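> If it helps, the file is called data06.cif and holds mmCIF, C-alpha atoms; chains and numbers go by the auth columns:
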data_run
#
loop_
_atom_site.group_PDB
_atom_site.id
_atom_site.type_symbol
_atom_site.label_atom_id
_atom_site.label_comp_id
_atom_site.label_asym_id
_atom_site.label_seq_id
_atom_site.Cartn_x
_atom_site.Cartn_y
_atom_site.Cartn_z
_atom_site.B_iso_or_equiv
_atom_site.auth_seq_id
_atom_site.auth_asym_id
ATOM 1 C CA MET A 1 121.704 68.944 92.479 0.00 181 S
ATOM 2 C CA SER A 2 125.164 67.331 92.560 0.00 182 S
ATOM 3 C CA ALA A 3 128.272 69.493 92.548 0.00 183 S
ATOM 4 C CA THR A 4 130.583 69.346 89.535 0.00 184 S
ATOM 5 C CA ILE A 5 134.369 69.204 89.268 0.00 185 S
ATOM 6 C CA LEU A 6 136.667 69.300 86.233 0.00 186 S
ATOM 7 C CA ILE A 7 139.984 67.480 86.676 0.00 187 S
ATOM 8 C CA THR A 8 142.874 67.525 84.202 0.00 188 S
ATOM 9 C CA GLY A 9 145.424 64.721 84.057 0.00 189 S
ATOM 10 C CA ALA A 10 142.685 62.342 85.200 0.00 190 S
ATOM 11 C CA SER A 11 143.876 59.170 83.466 0.00 191 S
ATOM 12 C CA SER A 12 146.480 58.183 86.084 0.00 192 S
ATOM 13 C CA GLY A 13 148.094 59.032 89.399 0.00 193 S
ATOM 14 C CA ILE A 14 146.716 61.807 91.572 0.00 194 S
ATOM 15 C CA GLY A 15 144.216 62.927 88.944 0.00 195 S
ATOM 16 C CA ARG A 16 142.690 59.487 88.497 0.00 196 S
ATOM 17 C CA GLU A 17 142.455 58.756 92.205 0.00 197 S
ATOM 18 C CA THR A 18 140.975 62.179 92.928 0.00 198 S
ATOM 19 C CA ALA A 19 138.384 61.722 90.175 0.00 199 S
ATOM 20 C CA LEU A 20 137.346 58.415 91.737 0.00 200 S
ATOM 21 C CA TYR A 21 137.185 59.936 95.215 0.00 201 S
ATOM 22 C CA TYR A 22 135.003 62.831 94.106 0.00 202 S
ATOM 23 C CA ALA A 23 132.685 60.431 92.235 0.00 203 S
ATOM 24 C CA GLN A 24 132.419 58.300 95.371 0.00 204 S
ATOM 25 C CA GLN A 25 131.256 61.397 97.246 0.00 205 S
ATOM 26 C CA GLY A 26 128.471 61.913 94.699 0.00 206 S
ATOM 27 C CA TRP A 27 130.078 64.620 92.583 0.00 207 S
ATOM 28 C CA ASN A 28 129.783 64.859 88.817 0.00 208 S
ATOM 29 C CA VAL A 29 133.300 64.614 87.392 0.00 209 S
ATOM 30 C CA TYR A 30 134.577 65.831 84.035 0.00 210 S
ATOM 31 C CA ALA A 31 137.789 63.824 83.657 0.00 211 S
ATOM 32 C CA LEU A 32 140.241 65.270 81.107 0.00 212 S
ATOM 33 C CA ALA A 33 143.356 63.570 79.750 0.00 213 S
ATOM 34 C CA ARG A 34 144.916 62.458 76.478 0.00 214 S
ATOM 35 C CA SER A 35 144.492 58.701 76.925 0.00 215 S
ATOM 36 C CA THR A 36 141.092 57.661 75.588 0.00 216 S
ATOM 37 C CA ASP A 37 141.500 54.054 76.776 0.00 217 S
ATOM 38 C CA LYS A 38 142.470 54.952 80.351 0.00 218 S
ATOM 39 C CA LEU A 39 139.656 57.478 80.586 0.00 219 S
ATOM 40 C CA ALA A 40 137.149 54.909 79.340 0.00 220 S
ATOM 41 C CA GLU A 41 138.328 52.444 81.999 0.00 221 S
ATOM 42 C CA LEU A 42 138.016 55.152 84.644 0.00 222 S
ATOM 43 C CA ALA A 43 134.526 56.159 83.557 0.00 223 S
ATOM 44 C CA MET A 44 133.294 52.552 83.648 0.00 224 S
ATOM 45 C CA GLN A 45 133.712 52.559 87.433 0.00 225 S
ATOM 46 C CA PHE A 46 131.193 55.402 87.844 0.00 226 S
ATOM 47 C CA SER A 47 129.373 55.615 84.524 0.00 227 S
ATOM 48 C CA ASP A 48 126.693 57.876 85.993 0.00 228 S
ATOM 49 C CA LYS A 49 129.182 60.299 87.548 0.00 229 S
ATOM 50 C CA ILE A 50 132.358 60.467 85.423 0.00 230 S
ATOM 51 C CA VAL A 51 132.379 62.096 81.992 0.00 231 S
ATOM 52 C CA PRO A 52 135.582 61.182 80.097 0.00 232 S
ATOM 53 C CA VAL A 53 137.003 63.922 77.872 0.00 233 S
ATOM 54 C CA SER A 54 139.996 63.036 75.703 0.00 234 S
ATOM 55 C CA LEU A 55 141.998 66.216 75.098 0.00 235 S
ATOM 56 C CA ASP A 56 145.586 67.321 74.665 0.00 236 S
ATOM 57 C CA LEU A 57 145.842 70.222 77.106 0.00 237 S
ATOM 58 C CA THR A 58 148.653 71.784 75.103 0.00 238 S
ATOM 59 C CA ASP A 59 146.126 72.246 72.258 0.00 239 S
ATOM 60 C CA MET A 60 144.223 75.382 73.237 0.00 240 S
ATOM 61 C CA THR A 61 142.010 75.226 70.154 0.00 241 S
ATOM 62 C CA ALA A 62 140.806 71.727 71.033 0.00 242 S
ATOM 63 C CA MET A 63 139.948 72.902 74.540 0.00 243 S
ATOM 64 C CA GLN A 64 138.026 75.884 73.160 0.00 244 S
ATOM 65 C CA ILE A 65 136.053 73.655 70.788 0.00 245 S
ATOM 66 C CA TRP A 66 135.145 71.238 73.579 0.00 246 S
ATOM 67 C CA LEU A 67 134.070 74.020 75.932 0.00 247 S
ATOM 68 C CA SER A 68 131.839 75.449 73.207 0.00 248 S
ATOM 69 C CA THR A 69 129.842 72.192 73.230 0.00 249 S
ATOM 70 C CA LEU A 70 128.912 72.589 76.919 0.00 250 S
ATOM 71 C CA PRO A 71 125.751 74.375 78.059 0.00 251 S
ATOM 72 C CA VAL A 72 126.523 78.058 78.580 0.00 252 S
ATOM 73 C CA THR A 73 124.903 77.811 82.008 0.00 253 S
ATOM 74 C CA LEU A 74 127.314 75.110 83.222 0.00 254 S
ATOM 75 C CA ASN A 75 129.596 76.316 85.994 0.00 255 S
ATOM 76 C CA PHE A 76 132.180 74.145 87.693 0.00 256 S
ATOM 77 C CA ASP A 77 132.139 74.133 91.477 0.00 257 S
ATOM 78 C CA VAL A 78 135.792 73.089 91.370 0.00 258 S
ATOM 79 C CA VAL A 79 138.399 73.113 88.613 0.00 259 S
ATOM 80 C CA LEU A 80 141.461 71.035 89.479 0.00 260 S
ATOM 81 C CA LEU A 81 144.408 71.618 87.123 0.00 261 S
ATOM 82 C CA ASN A 82 146.527 68.578 87.853 0.00 262 S
ATOM 83 C CA ALA A 83 148.047 67.426 84.552 0.00 263 S
ATOM 84 C CA GLY A 84 151.832 67.312 84.501 0.00 264 S
ATOM 85 C CA ASN A 85 154.929 65.311 83.726 0.00 265 S
ATOM 86 C CA CYS A 86 158.525 64.972 84.894 0.00 266 S
ATOM 87 C CA GLU A 87 161.608 64.653 82.715 0.00 267 S
ATOM 88 C CA TYR A 88 165.072 64.553 84.247 0.00 268 S
ATOM 89 C CA VAL A 89 167.920 66.239 82.385 0.00 269 S
ATOM 90 C CA ASP A 90 171.703 66.116 82.204 0.00 270 S
ATOM 91 C CA ALA A 91 173.293 69.420 83.238 0.00 271 S
ATOM 92 C CA THR A 92 176.319 68.864 81.005 0.00 272 S
ATOM 93 C CA ASP A 93 174.137 68.445 77.922 0.00 273 S
ATOM 94 C CA LEU A 94 170.808 70.150 78.574 0.00 274 S
ATOM 95 C CA ASP A 95 167.988 68.735 76.489 0.00 275 S
ATOM 96 C CA LEU A 96 166.128 71.817 75.278 0.00 276 S
ATOM 97 C CA ALA A 97 163.287 69.717 73.913 0.00 277 S
ATOM 98 C CA ALA A 98 162.758 68.214 77.375 0.00 278 S
ATOM 99 C CA PHE A 99 162.445 71.724 78.810 0.00 279 S
ATOM 100 C CA GLU A 100 159.928 72.663 76.120 0.00 280 S
ATOM 101 C CA ARG A 101 157.831 69.543 76.724 0.00 281 S
ATOM 102 C CA THR A 102 157.937 69.954 80.500 0.00 282 S
ATOM 103 C CA PHE A 103 156.963 73.610 80.473 0.00 283 S
ATOM 104 C CA ALA A 104 154.308 73.021 77.810 0.00 284 S
ATOM 105 C CA ILE A 105 152.288 70.653 80.007 0.00 285 S
ATOM 106 C CA ASN A 106 153.355 71.708 83.513 0.00 286 S
ATOM 107 C CA PHE A 107 153.089 75.467 83.064 0.00 287 S
ATOM 108 C CA GLN A 108 151.786 76.731 79.721 0.00 288 S
ATOM 109 C CA ALA A 109 148.836 74.313 79.793 0.00 289 S
ATOM 110 C CA VAL A 110 147.978 75.528 83.295 0.00 290 S
ATOM 111 C CA VAL A 111 147.946 79.135 82.121 0.00 291 S
ATOM 112 C CA ALA A 112 145.888 78.319 79.018 0.00 292 S
ATOM 113 C CA SER A 113 143.415 76.197 80.984 0.00 293 S
ATOM 114 C CA THR A 114 143.042 78.969 83.537 0.00 294 S
ATOM 115 C CA LYS A 115 142.277 81.484 80.791 0.00 295 S
ATOM 116 C CA LEU A 116 139.636 79.254 79.207 0.00 296 S
ATOM 117 C CA LEU A 117 138.013 77.927 82.386 0.00 297 S
ATOM 118 C CA LEU A 118 137.799 81.088 84.505 0.00 298 S
ATOM 119 C CA PRO A 119 134.566 82.136 82.747 0.00 299 S
ATOM 120 C CA ARG A 120 133.085 78.839 83.994 0.00 300 S
ATOM 121 C CA LEU A 121 133.745 79.798 87.624 0.00 301 S
ATOM 122 C CA LYS A 122 131.816 82.191 89.835 0.00 302 S
ATOM 123 C CA ALA A 123 132.013 83.455 93.403 0.00 303 S
ATOM 124 C CA GLY A 124 132.266 80.558 95.810 0.00 304 S
ATOM 125 C CA ASN A 125 133.797 78.194 93.235 0.00 305 S
ATOM 126 C CA THR A 126 137.371 76.937 93.508 0.00 306 S
ATOM 127 C CA LEU A 127 140.289 76.898 91.102 0.00 307 S
ATOM 128 C CA ALA A 128 142.859 74.425 92.451 0.00 308 S
ATOM 129 C CA ILE A 129 146.268 74.094 90.795 0.00 309 S
ATOM 130 C CA VAL A 130 148.742 71.304 91.453 0.00 310 S
ATOM 131 C CA SER A 131 152.391 72.282 91.743 0.00 311 S
ATOM 132 C CA SER A 132 155.007 70.360 93.745 0.00 312 S
ATOM 133 C CA MET A 133 157.384 70.629 96.682 0.00 313 S
ATOM 134 C CA ALA A 134 160.170 69.917 94.200 0.00 314 S
ATOM 135 C CA HIS A 135 160.977 73.616 93.837 0.00 315 S
ATOM 136 C CA PHE A 136 161.685 73.987 97.568 0.00 316 S
ATOM 137 C CA PHE A 137 165.130 72.397 97.267 0.00 317 S
ATOM 138 C CA PRO A 138 167.648 71.953 94.391 0.00 318 S
ATOM 139 C CA PHE A 139 167.285 68.263 93.592 0.00 319 S
ATOM 140 C CA THR A 140 169.640 66.614 91.118 0.00 320 S
ATOM 141 C CA ARG A 141 168.627 66.526 87.432 0.00 321 S
ATOM 142 C CA SER A 142 165.420 68.448 88.224 0.00 322 S
ATOM 143 C CA GLU A 143 166.267 71.672 86.401 0.00 323 S
ATOM 144 C CA ALA A 144 163.276 71.370 84.036 0.00 324 S
ATOM 145 C CA TYR A 145 160.706 69.870 86.397 0.00 325 S
ATOM 146 C CA GLY A 146 161.558 71.990 89.446 0.00 326 S
ATOM 147 C CA ALA A 147 161.672 75.206 87.439 0.00 327 S
ATOM 148 C CA SER A 148 158.281 74.476 85.862 0.00 328 S
ATOM 149 C CA LYS A 149 156.731 73.838 89.274 0.00 329 S
ATOM 150 C CA ALA A 150 158.283 76.996 90.721 0.00 330 S
ATOM 151 C CA ALA A 151 156.605 78.867 87.875 0.00 331 S
ATOM 152 C CA VAL A 152 153.266 77.185 88.611 0.00 332 S
ATOM 153 C CA SER A 153 153.411 78.082 92.320 0.00 333 S
ATOM 154 C CA TYR A 154 154.251 81.719 91.633 0.00 334 S
ATOM 155 C CA PHE A 155 151.567 81.952 88.941 0.00 335 S
ATOM 156 C CA THR A 156 148.945 80.529 91.310 0.00 336 S
ATOM 157 C CA GLU A 157 149.797 82.834 94.204 0.00 337 S
ATOM 158 C CA SER A 158 149.895 85.902 91.959 0.00 338 S
ATOM 159 C CA LEU A 159 146.606 84.846 90.377 0.00 339 S
ATOM 160 C CA ARG A 160 144.996 84.636 93.818 0.00 340 S
ATOM 161 C CA VAL A 161 145.924 88.270 94.437 0.00 341 S
ATOM 162 C CA ASP A 162 144.330 89.426 91.201 0.00 342 S
ATOM 163 C CA LEU A 163 141.169 87.337 91.687 0.00 343 S
ATOM 164 C CA ALA A 164 140.673 88.391 95.311 0.00 344 S
ATOM 165 C CA ASN A 165 137.672 90.556 94.489 0.00 345 S
ATOM 166 C CA THR A 166 135.898 87.910 92.404 0.00 346 S
ATOM 167 C CA GLY A 167 135.046 85.545 95.242 0.00 347 S
ATOM 168 C CA ILE A 168 136.729 82.657 93.402 0.00 348 S
ATOM 169 C CA ASN A 169 138.837 80.553 95.754 0.00 349 S
ATOM 170 C CA VAL A 170 142.347 79.793 94.484 0.00 350 S
ATOM 171 C CA CYS A 171 144.025 76.788 96.092 0.00 351 S
ATOM 172 C CA LEU A 172 147.694 75.933 95.546 0.00 352 S
ATOM 173 C CA ILE A 173 148.466 72.224 95.979 0.00 353 S
ATOM 174 C CA GLU A 174 152.114 71.268 96.483 0.00 354 S
ATOM 175 C CA PRO A 175 152.493 67.508 96.971 0.00 355 S
ATOM 176 C CA GLY A 176 155.717 65.750 97.855 0.00 356 S
ATOM 177 C CA PHE A 177 156.398 62.162 96.864 0.00 357 S
ATOM 178 C CA ILE A 178 153.119 60.376 96.060 0.00 358 S
ATOM 179 C CA ASP A 179 153.016 56.724 95.003 0.00 359 S
ATOM 180 C CA THR A 180 151.954 57.055 91.352 0.00 360 S
ATOM 181 C CA PRO A 181 153.157 55.666 87.998 0.00 361 S
ATOM 182 C CA LEU A 182 155.220 58.865 87.641 0.00 362 S
ATOM 183 C CA THR A 183 157.180 58.428 90.882 0.00 363 S
ATOM 184 C CA GLN A 184 157.447 54.671 90.419 0.00 364 S
ATOM 185 C CA LYS A 185 159.970 55.418 87.653 0.00 365 S
ATOM 186 C CA ASN A 186 162.328 57.083 90.139 0.00 366 S
ATOM 187 C CA ASP A 187 165.497 55.180 91.027 0.00 367 S
ATOM 188 C CA PHE A 188 166.207 57.049 94.280 0.00 368 S
ATOM 189 C CA ALA A 189 164.837 57.023 97.812 0.00 369 S
ATOM 190 C CA MET A 190 161.632 59.041 98.251 0.00 370 S
ATOM 191 C CA PRO A 191 161.164 60.043 101.906 0.00 371 S
ATOM 192 C CA PHE A 192 157.659 59.979 103.380 0.00 372 S
ATOM 193 C CA LEU A 193 156.172 58.435 100.221 0.00 373 S
ATOM 194 C CA MET A 194 152.378 58.812 100.479 0.00 374 S
ATOM 195 C CA PRO A 195 149.764 56.422 99.031 0.00 375 S
ATOM 196 C CA VAL A 196 147.857 58.090 96.225 0.00 376 S
ATOM 197 C CA ALA A 197 144.464 57.364 97.826 0.00 377 S
ATOM 198 C CA LYS A 198 145.527 59.338 100.898 0.00 378 S
ATOM 199 C CA ALA A 199 146.633 62.234 98.682 0.00 379 S
ATOM 200 C CA ALA A 200 143.234 62.271 96.945 0.00 380 S
ATOM 201 C CA LYS A 201 141.456 62.517 100.296 0.00 381 S
ATOM 202 C CA ARG A 202 143.784 65.330 101.382 0.00 382 S
ATOM 203 C CA ILE A 203 142.879 67.240 98.224 0.00 383 S
ATOM 204 C CA PHE A 204 139.137 66.687 98.680 0.00 384 S
ATOM 205 C CA ASP A 205 139.172 67.671 102.341 0.00 385 S
ATOM 206 C CA GLY A 206 141.443 70.683 101.770 0.00 386 S
ATOM 207 C CA ILE A 207 139.405 72.121 98.923 0.00 387 S
ATOM 208 C CA ASN A 208 136.184 71.470 100.827 0.00 388 S
ATOM 209 C CA ALA A 209 137.628 73.361 103.813 0.00 389 S
ATOM 210 C CA GLY A 210 138.530 76.350 101.627 0.00 390 S
ATOM 211 C CA LYS A 211 142.280 76.012 102.176 0.00 391 S
ATOM 212 C CA LEU A 212 144.505 78.422 100.254 0.00 392 S
ATOM 213 C CA ARG A 213 147.434 76.005 100.133 0.00 393 S
ATOM 214 C CA LEU A 214 147.849 72.268 100.628 0.00 394 S
ATOM 215 C CA ARG A 215 151.223 70.629 101.269 0.00 395 S
ATOM 216 C CA PHE A 216 151.538 66.922 101.944 0.00 396 S
ATOM 217 C CA PRO A 217 153.081 64.754 103.279 0.00 397 S
ATOM 218 C CA ARG A 218 153.465 67.319 106.056 0.00 398 S
ATOM 219 C CA ARG A 219 156.671 65.762 107.391 0.00 399 S
ATOM 220 C CA LEU A 220 158.398 66.288 104.056 0.00 400 S
ATOM 221 C CA GLY A 221 157.173 69.869 103.984 0.00 401 S
ATOM 222 C CA TYR A 222 158.583 70.520 107.455 0.00 402 S
ATOM 223 C CA LEU A 223 161.914 68.964 106.447 0.00 403 S
ATOM 224 C CA LEU A 224 162.248 70.984 103.261 0.00 404 S
ATOM 225 C CA ARG A 225 161.284 74.212 104.999 0.00 405 S
ATOM 226 C CA ALA A 226 163.946 73.514 107.645 0.00 406 S
ATOM 227 C CA LEU A 227 166.534 72.935 104.915 0.00 407 S
ATOM 228 C CA SER A 228 165.568 76.239 103.293 0.00 408 S
ATOM 229 C CA LEU A 229 166.571 78.045 106.496 0.00 409 S
ATOM 230 C CA LEU A 230 170.163 76.812 106.284 0.00 410 S
ATOM 231 C CA PRO A 231 172.851 79.270 105.184 0.00 411 S
ATOM 232 C CA TYR A 232 172.905 79.307 101.398 0.00 412 S
ATOM 233 C CA GLY A 233 176.389 77.813 101.064 0.00 413 S
ATOM 234 C CA MET A 234 175.607 75.005 103.493 0.00 414 S
ATOM 235 C CA ARG A 235 172.361 74.265 101.663 0.00 415 S
ATOM 236 C CA SER A 236 174.176 74.035 98.330 0.00 416 S
ATOM 237 C CA LYS A 237 176.833 71.697 99.737 0.00 417 S
ATOM 238 C CA LEU A 238 174.149 69.482 101.257 0.00 418 S
ATOM 239 C CA ALA A 239 172.321 69.264 97.929 0.00 419 S
ATOM 240 C CA ALA A 240 175.564 68.264 96.194 0.00 420 S
ATOM 241 C CA ARG A 241 176.251 65.571 98.797 0.00 421 S
ATOM 242 C CA MET A 242 172.732 64.210 98.381 0.00 422 S
ATOM 243 C CA LYS A 243 173.361 63.879 94.665 0.00 423 S
ATOM 244 C CA GLN A 244 176.450 61.766 95.273 0.00 424 S
ATOM 245 C CA SER A 245 174.807 59.437 97.819 0.00 425 S
#
Go ahead and render the structure in this file as structure tokens.

Amino acid sequence: MSATILITGASSGIGRETALYYAQQGWNVYALARSTDKLAELAMQFSDKIVPVSLDLTDMTAMQIWLSTLPVTLNFDVVLLNAGNCEYVDATDLDLAAFERTFAINFQAVVASTKLLLPRLKAGNTLAIVSSMAHFFPFTRSEAYGASKAAVSYFTESLRVDLANTGINVCLIEPGFIDTPLTQKNDFAMPFLMPVAKAAKRIFDGINAGKLRLRFPRRLGYLLRALSLLPYGMRSKLAARMKQS
């Protein structure tokens, strides 16, 4: 019997590529996203493996209704909570609505999805949650995005502690710059930009190996960790200089 994965944010970027990769490996894939058209196009590539599910993950009721239509015996071998978005803000005129939108999808939807999907996991299954390396360093205009990803990383690591006795594997995924429609909007240099297909393989291999945390590209992770060791004042000055360059 084929293994089954549920992936959120599956209509584009990392989610889409990872859904395709898992389907190529023979997995059954429940692909969740808002865009019905993009999901339909995705499912056409593996019609026998990919089940498109059009849902707004910020609508907990809609998720509950959909889950109630599934067989009660269905367990997911892997749940990959990947959906997210990035909005940059202006520090001199903070857009509160941008913060609300960013946290709604990047954090609150992760918490709600975790609550609803945990009953569909059992010992030996994996809950994988996508955060970002963005919270490692104070990047310009990233107050909303970076803060939401910091919240996701802390939530995931704390959750792992509290689920330790359940046998459910909790994997924290913290990508750097990945070549997706989201990053293609950026107007600044993105060091060690990784092709999205390579990121999908890293996720598949890491989850399959039972890793607790995945960070890629590794070179960016090493660089950001080195920067975090700088004296706090020096680190702040460097971040300000990077903004001006």
> List the residues selected by the PyMOL selection byres ((chain S and resi 359) around 8) in the file shown, writing them as a VMD selection string.
chain S and resid 193 357 to 358 360 to 364 373 to 376
> Starting from the PyMOL selection byres ((chain S and resi 334-345) around 9), expand the selection into actual residues of this file and give them as a ChimeraX atom specification.
/S:287,291,308-309,311,329-333,346-352,392
> Find the residues near S:Val310: any atom within 10 Å, counting only C-alpha atoms, skip ones fewer than 4 places away on the same chain, and give them as number ranges by chain.
S: 194-195, 260-264, 286, 290, 329, 332-333, 336, 351-355, 383, 393-394
> Restricting the output to C-alpha atoms, write the selected residues as a compact mmCIF listing (two decimals), in the coordinates of the input.

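Writing the result to result_23.txt gives the following:
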# COMPACT_ATOMS: atom_id res chain seq x y z
CA ILE S 194 146.72 61.81 91.57
CA GLY S 195 144.22 62.93 88.94
CA LEU S 260 141.46 71.04 89.48
CA LEU S 261 144.41 71.62 87.12
CA ASN S 262 146.53 68.58 87.85
CA ALA S 263 148.05 67.43 84.55
CA GLY S 264 151.83 67.31 84.50
CA ASN S 286 153.35 71.71 83.51
CA VAL S 290 147.98 75.53 83.30
CA LYS S 329 156.73 73.84 89.27
CA VAL S 332 153.27 77.18 88.61
CA SER S 333 153.41 78.08 92.32
CA THR S 336 148.94 80.53 91.31
CA CYS S 351 144.02 76.79 96.09
CA LEU S 352 147.69 75.93 95.55
CA ILE S 353 148.47 72.22 95.98
CA GLU S 354 152.11 71.27 96.48
CA PRO S 355 152.49 67.51 96.97
CA ILE S 383 142.88 67.24 98.22
CA ARG S 393 147.43 76.00 100.13
CA LEU S 394 147.85 72.27 100.63
> Once 3 Å is added on each side, what are the centre and the three edge lengths, in Å to one decimal, of the axis-aligned box enclosing the listed atoms of stretch 321-327 of chain S? Present them as JSON.

{"center_x": 164.7, "center_y": 70.9, "center_z": 86.7, "size_x": 13.9, "size_y": 14.7, "size_z": 11.4}
> Identify which of the residues S:Ala242, S:Cys266, S:Val233, S:Ala369 lies closest to S:Ser312, counting only C-alpha atoms when measuring atom-to-atom distances.
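Residue with the minimum atom-to-atom distance to S:Ser312: S:Cys266.
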> Given the PyMOL selection byres ((chain S and resi 246-259) around 6) and the file above, list the residues it selects as a VMD selection string.
chain S and resid 184 to 186 243 to 245 260 300 to 301 305 to 307
> Go ahead and dump the residues you just picked, C-alpha atoms, as a short mmCIF file (atom, residue, chain, number, x, y, z; two decimals), in the coordinates of the input.

data_model
loop_
_atom_site.label_atom_id
_atom_site.label_comp_id
_atom_site.auth_asym_id
_atom_site.auth_seq_id
_atom_site.Cartn_x
_atom_site.Cartn_y
_atom_site.Cartn_z
CA THR S 184 130.58 69.35 89.54
CA ILE S 185 134.37 69.20 89.27
CA LEU S 186 136.67 69.30 86.23
CA MET S 243 139.95 72.90 74.54
CA GLN S 244 138.03 75.88 73.16
CA ILE S 245 136.05 73.66 70.79
CA LEU S 260 141.46 71.04 89.48
CA ARG S 300 133.08 78.84 83.99
CA LEU S 301 133.74 79.80 87.62
CA ASN S 305 133.80 78.19 93.24
CA THR S 306 137.37 76.94 93.51
CA LEU S 307 140.29 76.90 91.10
#
> Mind pulling up the distance from atom CA of S:Ala271 to atom CA of S:Arg321?
6.9 Å
> Write out as number ranges by chain each polymer residue whose atoms come within 7 Å of S:Val231, counting all atoms listed in the file; drop sequence neighbours fewer than 5 positions from it.
S: 209-211, 223
> Taking C-alpha atoms for each residue, export the selection above as a CSV table (one decimal), in the frame of the given file.

chain,number,residue,atom,x,y,z
S,209,VAL,CA,133.3,64.6,87.4
S,210,TYR,CA,134.6,65.8,84.0
S,211,ALA,CA,137.8,63.8,83.7
S,223,ALA,CA,134.5,56.2,83.6
> How many Å separate atom CA of S:Thr238 from atom CA of S:Asp385?
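Separation between atom CA of S:Thr238 and atom CA of S:Asp385: 29.1 Å.
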